[in-house]
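Data first, discussion second: the structure below is written as structure tokens.
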Amino acid sequence: MNLKDFEQSIGYSFKNKDLLKTALTHTSYSYENNVTSNEKLEFLGDSILEFISSKYLYNQYSKLNEGEMTKVRATVVCEDSLYKIALMHNFSDFLYLGKSELSNTLSKREAILADSVEAVIAAIYLDGGLDKAEKFIISNLSKEIETATRNVGQKDYKTVLQEKLQKHGSVTIEYNIINEEGPDHSKTFTAEVKCENKKLAEGKGSSKKQAEMQAAKIALENLE
């Protein structure tokens with residue numbers, strides 16, 4: 001585990017290497033080895049991420065109203081986006097995990113990786129200041145933000161499908177991930193959408209969210 005490779009990937013070199021190690025230390029490893037975990041850093045990183053993304057939206061997208069900025073921020077500052085950042089920089093190769101976590105399900109690992117990104121954001125802030133943390137956040141999220149701002153005024157496929165299926169009354173709609181394949185850094189997920197336990201369609205995507213959205217899109221096309 002060479003942390004220099006990690007620093008090179010994220011574009012920031014830590015003065016305090018122990019701070020970086022703490023940011024990458026999950027509670028399971030902390031408990032088993034009696035060292036400090038990244039939980040408090042996650043808490044701080046979450047707030048920094050909210051602030052920086054809000055500031056960026058305010059400065060760069062002046063035509064968006066408050067409600068639209070809130071929607072964009074919620075779309076971007078989420079587990080799915082943070083998980084993508086973790087994959088991009090191979091966080092899984094550098095995390096300190098306890099034995100209890102090494103065999104966990106993919107969904108649990110996604111949450112752990114997303115949380116570790118927040119912890120690293122806080123560590124960069126504490127080690128190098130807000131400008132350095134901002135540079136990391138924006139360099140990794142600006143494209144996601146741009147995409148979200150383009151779609152902010154549009155209803156997503158899942159919403160449109162729900163409205164169409166519930167036109168004549170409430171029905172039960174569910175999405176399930178039925179398959180995943182490929183290495184951790186390049187997964188492909190397959191999702192199905194059901195209405196009242198009847199399968200409507202399947203969709204594929206590089207994230208669970210994208211797969212579900214694609215399933216809804218295909219279901220809409222099939223209904224038409």
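Chains: A, B, ... in order of the structure tokens. Residues: from 1 per chain. Ligands: from 1, in order shown.
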
I want to know what sits within 8 Å of Ser53 of chain A, based on only C-alpha atoms, with residues of the same chain fewer than 2 positions away left out; could you give that as a short mmCIF file (atom, residue, chain, number, x, y, z; two decimals) with N, CA and C atoms, in the first residue's frame?
data_model
loop_
_atom_site.label_atom_id
_atom_site.label_comp_id
_atom_site.auth_asym_id
_atom_site.auth_seq_id
_atom_site.Cartn_x
_atom_site.Cartn_y
_atom_site.Cartn_z
N LEU A 49 -18.16 19.54 1.73
CA LEU A 49 -18.68 19.18 0.40
C LEU A 49 -19.96 19.95 0.08
N GLU A 50 -20.86 20.04 1.04
CA GLU A 50 -22.11 20.79 0.86
C GLU A 50 -21.81 22.26 0.58
N PHE A 51 -20.89 22.83 1.38
CA PHE A 51 -20.57 24.25 1.24
C PHE A 51 -19.91 24.55 -0.11
N LYS A 55 -21.42 26.83 -3.08
CA LYS A 55 -20.68 28.02 -3.52
C LYS A 55 -20.43 27.96 -5.03
N TYR A 56 -20.05 26.80 -5.52
CA TYR A 56 -19.77 26.63 -6.95
C TYR A 56 -21.03 26.85 -7.78
N LEU A 57 -22.14 26.28 -7.33
CA LEU A 57 -23.41 26.47 -8.04
C LEU A 57 -23.82 27.94 -8.04
N ARG A 73 -27.66 20.09 -6.31
CA ARG A 73 -26.75 19.70 -5.22
C ARG A 73 -27.12 18.32 -4.68
N VAL A 77 -24.28 15.66 -4.74
CA VAL A 77 -23.70 15.33 -3.42
C VAL A 77 -24.47 14.13 -2.86
N ILE A 137 -12.59 18.79 -4.83
CA ILE A 137 -14.04 18.59 -5.01
C ILE A 137 -14.48 18.99 -6.42
N ILE A 138 -14.10 20.18 -6.84
CA ILE A 138 -14.57 20.67 -8.14
C ILE A 138 -13.97 19.89 -9.30
#

- Message: For the structure I just gave you, how does DSSP split segment 1-188 of chain A - specifically, which residues are strand (DSSP E or B)? Reply as a PyMOL selection string.
- Response: chain A and resi 25+96+173-181+188

- For segment 218-221 of chain A, work out the shell of residues within 8 Å, counting only C-alpha atoms and skipping chain neighbours fewer than 5 positions away, then give it as JSON, numbers by chain. {"A": [157, 161, 193, 200, 201, 202, 203]}

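Between atom CA of Glu174 of chain A and atom CA of Glu146 of chain A the separation is 29.2 Å.
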
- Item | Pick from A:Leu95, A:Leu130, A:Ala122, A:Val171, whichever lies nearest to Leu24 of chain A using only C-alpha atoms |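 Looking at the shortest contact to Leu24 of chain A, the residue is A:Leu95.
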
Give me the residues within 12 Å of Glu42 of chain A as an mmCIF file with C-alpha atoms, in the first residue's frame, counting only C-alpha atoms and dropping any in the same chain fewer than 3 places off.
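Result file follows (around-v3.cif):
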data_model
loop_
_atom_site.group_PDB
_atom_site.id
_atom_site.type_symbol
_atom_site.label_atom_id
_atom_site.label_comp_id
_atom_site.auth_asym_id
_atom_site.auth_seq_id
_atom_site.Cartn_x
_atom_site.Cartn_y
_atom_site.Cartn_z
ATOM 1 C CA THR A 22 -6.786 8.286 9.501
ATOM 2 C CA ALA A 23 -8.993 9.435 6.602
ATOM 3 C CA LEU A 24 -8.591 5.992 5.044
ATOM 4 C CA THR A 25 -9.194 4.042 8.274
ATOM 5 C CA HIS A 26 -12.615 2.430 8.554
ATOM 6 C CA THR A 27 -14.175 1.874 11.982
ATOM 7 C CA SER A 37 -11.152 5.908 12.583
ATOM 8 C CA ASN A 38 -12.270 8.315 9.866
ATOM 9 C CA GLU A 39 -15.782 8.847 11.314
ATOM 10 C CA GLY A 45 -16.043 16.402 5.018
ATOM 11 C CA ASP A 46 -19.790 16.174 4.452
ATOM 12 C CA SER A 47 -20.218 19.804 5.553
ATOM 13 C CA ILE A 48 -17.287 21.003 3.433
ATOM 14 C CA LEU A 49 -18.677 19.184 0.397
ATOM 15 C CA ALA A 111 -21.207 3.203 1.315
ATOM 16 C CA ILE A 112 -17.795 2.713 2.933
ATOM 17 C CA LEU A 113 -16.013 4.053 -0.148
ATOM 18 C CA ALA A 114 -18.351 7.042 -0.448
ATOM 19 C CA ASP A 115 -17.824 7.890 3.224
ATOM 20 C CA SER A 116 -14.057 7.655 2.810
ATOM 21 C CA VAL A 117 -14.171 10.309 0.071
ATOM 22 C CA GLU A 118 -15.796 12.700 2.549
ATOM 23 C CA ALA A 119 -13.103 11.852 5.094
ATOM 24 C CA VAL A 120 -10.336 12.568 2.569
ATOM 25 C CA ILE A 121 -11.961 15.914 1.706
ATOM 26 C CA ALA A 122 -11.828 16.868 5.401
ATOM 27 C CA ALA A 123 -8.237 15.671 5.671
ATOM 28 C CA ILE A 124 -7.190 17.794 2.688
ATOM 29 C CA TYR A 125 -8.915 20.788 4.293
#

- Message: So the first atom is atom CA of Pro183 of chain A and the second is atom CA of Tyr96 of chain A; what is the distance between them in Å, to one decimal place?
- Response: 19.8 Å
